[in-house]
Amino acid sequence: MGMKGRAAELTQDVKAAIDDFDFARFIECPVHDLLAWHALDKTAHHKFFGIVPERGDDDPMPAQPAGHESVYVNELLRVYTEDKSSPVSLTDLSGSKYEEHFDSHRQIFYCAEGLQRFSRDIYPNELEFERLLDMVHAGIRPTVAQLRLKTGMDRVDTAIEKASTLQVQESRLFPQLRGGDLPGTCHHLVNEGRLKWVK
């Protein structure tokens, strides 16, 4: 197949190489063996064959914020404190008007967390998630910096809305994006100190 009309390319050197090749080196490999080899090092397998796997299920959001959430969580509490004009702590959120807002923002943080984990597993020596954060930051920064936005709540909601509409097709992670990923990266940017909601 695909060799029709190419007989002239079969030079003496090529024919000698074919005749000298030990075709016994080829073995039949059952599918279950291929899958077992793949499971030993999925990253190397995907890299070798140029296949990007499907993104699996993201880890569920824990009931209470974890340590690595502290920066963006504290920034959200500052937003609520500004809005209420009195201190709002984590223990004040349950049953308050901020509870659903807070939970929904933690949920999108964990969506982006799942994308970050996927990126780290598939591109372990590359900074694909960090590049995506740079794209999101460049895309939302002018919007968040608008002078008409007077409160932290305005900035949070405007940033999330803008992030949802960004076009990031140049990212290698683009085919794996889910609905909460780009909005969730806003909170990753806050965690890194690159965004603040309350001035």
# chains A, B, ... in the order shown; residues from 1 in each chain; ligands from 1
>>> select_by_dssp(residues="chain A", states="helix (DSSP H, G or I)", output="count of residues only")
124
>>> closest_atom_pairs(of="stretch 2-109 of chain A", to="stretch 167-176 of chain A", cutoff="10 Å", atoms="only C-alpha atoms", output="CSV")
residue,atom,partner,partner_atom,distance
A:Val52,CA,A:Gln176,CA,9.5
A:Pro53,CA,A:Gln176,CA,9.3
A:Glu54,CA,A:Gln176,CA,7.4
A:Arg55,CA,A:Gln176,CA,6.5
A:Gly56,CA,A:Gln176,CA,9.8
>>> write_last_selection(atoms="N, CA and C atoms", output="PDB file, in the first residue's frame")
ATOM      1  N   VAL A  52      -2.693  13.213  23.112  1.00  0.00           N
ATOM      2  CA  VAL A  52      -3.073  13.849  24.373  1.00  0.00           C
ATOM      3  C   VAL A  52      -4.303  13.116  24.904  1.00  0.00           C
ATOM      4  N   PRO A  53      -4.214  12.596  26.109  1.00  0.00           N
ATOM      5  CA  PRO A  53      -5.338  11.821  26.635  1.00  0.00           C
ATOM      6  C   PRO A  53      -6.512  12.709  27.028  1.00  0.00           C
ATOM      7  N   GLU A  54      -7.622  12.085  27.241  1.00  0.00           N
ATOM      8  CA  GLU A  54      -8.779  12.813  27.756  1.00  0.00           C
ATOM      9  C   GLU A  54      -8.515  13.189  29.210  1.00  0.00           C
ATOM     10  N   ARG A  55      -9.005  14.332  29.579  1.00  0.00           N
ATOM     11  CA  ARG A  55      -8.887  14.770  30.975  1.00  0.00           C
ATOM     12  C   ARG A  55      -9.909  14.007  31.815  1.00  0.00           C
ATOM     13  N   GLY A  56      -9.449  13.414  32.869  1.00  0.00           N
ATOM     14  CA  GLY A  56     -10.345  12.661  33.739  1.00  0.00           C
ATOM     15  C   GLY A  56     -11.172  13.573  34.635  1.00  0.00           C
TER      16      GLY A  56
END
>>> closest_residue(among="A:Ala36, A:Gln64, A:Tyr110, A:Ala159", to="A:Ser94", atoms="only C-alpha atoms")
A:Gln64
>>> residues_around(residues="A:Leu93", least_positions_apart="3", cutoff="12 Å", atoms="only C-alpha atoms", output="list in words")
Gln64, Val73, Leu76, Leu77, Tyr80, Thr81, Lys84, Pro87, Val88, Ser89, Leu90, Ser96, Lys97, Tyr98, Glu99, Glu100, His101, Phe102 and Asp103 of chain A
>>> write_last_selection(atoms="C-alpha atoms", output="short mmCIF file (atom, residue, chain, number, x, y, z; two decimals), in the first residue's frame")
data_model
loop_
_atom_site.label_atom_id
_atom_site.label_comp_id
_atom_site.auth_asym_id
_atom_site.auth_seq_id
_atom_site.Cartn_x
_atom_site.Cartn_y
_atom_site.Cartn_z
CA GLN A 64 -13.47 23.35 54.08
CA VAL A 73 -10.06 32.96 50.20
CA LEU A 76 -12.80 37.07 48.98
CA LEU A 77 -13.36 37.69 52.69
CA TYR A 80 -17.36 40.62 51.67
CA THR A 81 -16.02 42.77 54.52
CA LYS A 84 -20.87 44.64 54.45
CA PRO A 87 -15.63 42.12 59.29
CA VAL A 88 -16.66 38.85 57.62
CA SER A 89 -14.81 35.65 58.54
CA LEU A 90 -15.15 32.09 57.27
CA SER A 96 -25.22 34.58 54.95
CA LYS A 97 -25.90 36.26 51.61
CA TYR A 98 -22.25 35.54 50.71
CA GLU A 99 -22.39 31.77 51.17
CA GLU A 100 -23.44 30.85 47.63
CA HIS A 101 -21.07 33.38 46.08
CA PHE A 102 -18.17 31.96 48.10
CA ASP A 103 -19.00 28.31 47.33
#
>>> closest_residue(among="A:Lys150, A:His188, A:Arg141, A:Arg78", to="A:Phe129", atoms="only C-alpha atoms")
A:His188
>>> atom_distance(atom1="atom CA of A:His68", atom2="atom CA of A:Leu189")
12.7 Å
>>> atom_distance(atom1="atom CA of A:Glu75", atom2="atom CA of A:Glu128")
25.7 Å
>>> closest_residue(among="A:Asp83, A:Ser119, A:Val71, A:Asp157", to="A:Ser104", atoms="only C-alpha atoms")
A:Asp157
>>> closest_residue(among="A:Glu28, A:Asp154, A:Asp181, A:Asp22", to="A:Leu115", atoms="only C-alpha atoms")
A:Asp181
